[in-house]
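Visitor: Okay, handing you the structure first.
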Amino acid sequence: MLKSIELQPAYKEDLPLLLNLLQDAKEQMASSHITQWNSYYPNIGVLIKDIEDRSLYSTGASNIAAISIDRRGKDWYLHRLMVHSSVKGQGIAKKYSQISFKMAILTT
């Protein structure tokens, strides 16, 4: 399991890697029979909007994981968590949820 995780804002230049990550995440969900995401959603438009809204963050030079975090008032919402299958099981999703939780505590 990872000891720490560093988030960096995602930029439009990251789109090719983010699209690869998104496709991998969709394939993982499909293989687990999870139908929340499909061939139409989320898509490149969603990623671009998250980038423009400055709510999309990634981890690692190759964007091995990404998360969209939204703040509404004092509340923080975790959206569209993606972890590449090549690093599955290394605790990245857990670390992301802890970061989101810590952000909520720090801002309330």
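Residues in the structure tokens are numbered from 1 in each chain, the chains being A, B, ... in the order shown, and ligands are numbered from 1 in the order shown.
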Could you list, with a cut-off of 12 Å and counting only C-alpha atoms, the residues of stretch 61-107 of chain A near stretch 46-54 of chain A, each shown with its nearest atom pair and the distance in Å rounded to one decimal, rows sorted by chain and ascending number, as JSON lines?
Guide:
```
{"residue": "A:Ala66", "atom": "CA", "partner": "A:Leu47", "partner_atom": "CA", "distance": 10.3}
{"residue": "A:Ile67", "atom": "CA", "partner": "A:Asp50", "partner_atom": "CA", "distance": 9.6}
{"residue": "A:Ser68", "atom": "CA", "partner": "A:Asp50", "partner_atom": "CA", "distance": 6.8}
{"residue": "A:Ile69", "atom": "CA", "partner": "A:Asp50", "partner_atom": "CA", "distance": 8.8}
{"residue": "A:Asp70", "atom": "CA", "partner": "A:Asp53", "partner_atom": "CA", "distance": 9.1}
{"residue": "A:Arg71", "atom": "CA", "partner": "A:Asp53", "partner_atom": "CA", "distance": 10.9}
{"residue": "A:His79", "atom": "CA", "partner": "A:Asp50", "partner_atom": "CA", "distance": 10.0}
{"residue": "A:Arg80", "atom": "CA", "partner": "A:Leu47", "partner_atom": "CA", "distance": 9.7}
{"residue": "A:Leu81", "atom": "CA", "partner": "A:Leu47", "partner_atom": "CA", "distance": 11.8}
{"residue": "A:Met82", "atom": "CA", "partner": "A:Leu47", "partner_atom": "CA", "distance": 11.7}
```
Visitor: Using backbone DSSP assignments, extract all strand (DSSP E) residues from chain A; output them as a list of chain:residue names.
Guide: A:Gln8, A:Pro9, A:Leu56, A:Tyr57, A:Ser58, A:Thr59, A:Ala65, A:Ala66, A:Ile67, A:Ser68, A:Ile69, A:Asp70, A:Arg71, A:Arg72, A:Asp75, A:Trp76, A:Tyr77, A:Leu78, A:His79, A:Arg80, A:Leu81, A:Met82, A:Val83
Visitor: Those same residues - C-alpha atoms - I'd like them written as a PDB file, in the first residue's frame.
Guide:
```
ATOM      1  CA  GLN A   8      -1.624  17.611  -8.997  1.00  0.00           C
ATOM      2  CA  PRO A   9      -4.168  19.615 -10.991  1.00  0.00           C
ATOM      3  CA  LEU A  56      -9.817  17.239 -11.633  1.00  0.00           C
ATOM      4  CA  TYR A  57      -6.607  16.072  -9.981  1.00  0.00           C
ATOM      5  CA  SER A  58      -4.240  13.306 -10.991  1.00  0.00           C
ATOM      6  CA  THR A  59      -1.389  11.311  -9.510  1.00  0.00           C
ATOM      7  CA  ALA A  65      -5.082   7.743 -11.072  1.00  0.00           C
ATOM      8  CA  ALA A  66      -7.416  10.733 -11.132  1.00  0.00           C
ATOM      9  CA  ILE A  67     -10.253  12.131  -9.095  1.00  0.00           C
ATOM     10  CA  SER A  68     -12.760  14.894  -9.517  1.00  0.00           C
ATOM     11  CA  ILE A  69     -13.503  16.733  -6.284  1.00  0.00           C
ATOM     12  CA  ASP A  70     -16.348  19.237  -6.042  1.00  0.00           C
ATOM     13  CA  ARG A  71     -17.029  21.729  -3.271  1.00  0.00           C
ATOM     14  CA  ARG A  72     -20.531  23.007  -2.564  1.00  0.00           C
ATOM     15  CA  ASP A  75     -19.326  20.146   1.725  1.00  0.00           C
ATOM     16  CA  TRP A  76     -16.859  18.267  -0.492  1.00  0.00           C
ATOM     17  CA  TYR A  77     -17.949  15.597  -2.977  1.00  0.00           C
ATOM     18  CA  LEU A  78     -15.755  12.935  -4.521  1.00  0.00           C
ATOM     19  CA  HIS A  79     -16.618  12.213  -8.176  1.00  0.00           C
ATOM     20  CA  ARG A  80     -15.252   9.934 -10.871  1.00  0.00           C
ATOM     21  CA  LEU A  81     -12.397   8.204  -9.137  1.00  0.00           C
ATOM     22  CA  MET A  82     -10.225   6.370 -11.665  1.00  0.00           C
ATOM     23  CA  VAL A  83      -7.290   4.091 -10.833  1.00  0.00           C
TER      24      VAL A  83
END
```
Visitor: Would you mind listing what lies within 12 Å of A:Ile64 as an MDAnalysis selection string, with only C-alpha atoms counted and same-chain residues fewer than 5 positions away left out?
Guide: chainID A and resid 5:8 14 17:22 24:25 57:59 81:88 90 92:93
Visitor: Report as a VMD selection string: the residues of stretch 28-84 of chain A with a DSSP assignment of alpha helix (DSSP H), based on the backbone of this structure.
Guide: chain A and resid 28 to 31 44 to 52
Visitor: Go ahead and save the residues from that selection, with N, CA and C atoms, as an mmCIF file, in the first residue's frame.
Guide:
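So the final result, stored in part_12.cif, reads:
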```cif
data_model
loop_
_atom_site.group_PDB
_atom_site.id
_atom_site.type_symbol
_atom_site.label_atom_id
_atom_site.label_comp_id
_atom_site.auth_asym_id
_atom_site.auth_seq_id
_atom_site.Cartn_x
_atom_site.Cartn_y
_atom_site.Cartn_z
ATOM 1 N N GLN A 28 -12.478 -1.878 -16.477
ATOM 2 C CA GLN A 28 -12.490 -2.535 -15.168
ATOM 3 C C GLN A 28 -13.919 -2.660 -14.640
ATOM 4 N N MET A 29 -14.682 -1.573 -14.757
ATOM 5 C CA MET A 29 -16.067 -1.595 -14.278
ATOM 6 C C MET A 29 -16.898 -2.608 -15.066
ATOM 7 N N ALA A 30 -16.738 -2.608 -16.379
ATOM 8 C CA ALA A 30 -17.502 -3.540 -17.219
ATOM 9 C C ALA A 30 -17.173 -4.982 -16.873
ATOM 10 N N SER A 31 -15.896 -5.277 -16.623
ATOM 11 C CA SER A 31 -15.519 -6.656 -16.298
ATOM 12 C C SER A 31 -16.062 -7.088 -14.940
ATOM 13 N N ILE A 44 -14.865 12.615 -22.951
ATOM 14 C CA ILE A 44 -13.863 13.667 -23.027
ATOM 15 C C ILE A 44 -14.441 15.023 -22.609
ATOM 16 N N GLY A 45 -15.702 15.263 -22.933
ATOM 17 C CA GLY A 45 -16.344 16.516 -22.540
ATOM 18 C C GLY A 45 -16.410 16.675 -21.028
ATOM 19 N N VAL A 46 -16.684 15.593 -20.327
ATOM 20 C CA VAL A 46 -16.733 15.616 -18.862
ATOM 21 C C VAL A 46 -15.348 15.918 -18.301
ATOM 22 N N LEU A 47 -14.316 15.273 -18.865
ATOM 23 C CA LEU A 47 -12.951 15.529 -18.402
ATOM 24 C C LEU A 47 -12.553 16.981 -18.648
ATOM 25 N N ILE A 48 -12.881 17.509 -19.821
ATOM 26 C CA ILE A 48 -12.540 18.896 -20.135
ATOM 27 C C ILE A 48 -13.244 19.852 -19.177
ATOM 28 N N LYS A 49 -14.512 19.595 -18.894
ATOM 29 C CA LYS A 49 -15.247 20.460 -17.954
ATOM 30 C C LYS A 49 -14.619 20.398 -16.566
ATOM 31 N N ASP A 50 -14.248 19.200 -16.109
ATOM 32 C CA ASP A 50 -13.588 19.066 -14.807
ATOM 33 C C ASP A 50 -12.268 19.841 -14.779
ATOM 34 N N ILE A 51 -11.521 19.776 -15.874
ATOM 35 C CA ILE A 51 -10.259 20.516 -15.950
ATOM 36 C C ILE A 51 -10.533 22.024 -15.901
ATOM 37 N N GLU A 52 -11.491 22.463 -16.699
ATOM 38 C CA GLU A 52 -11.824 23.894 -16.724
ATOM 39 C C GLU A 52 -12.352 24.376 -15.376
#
```
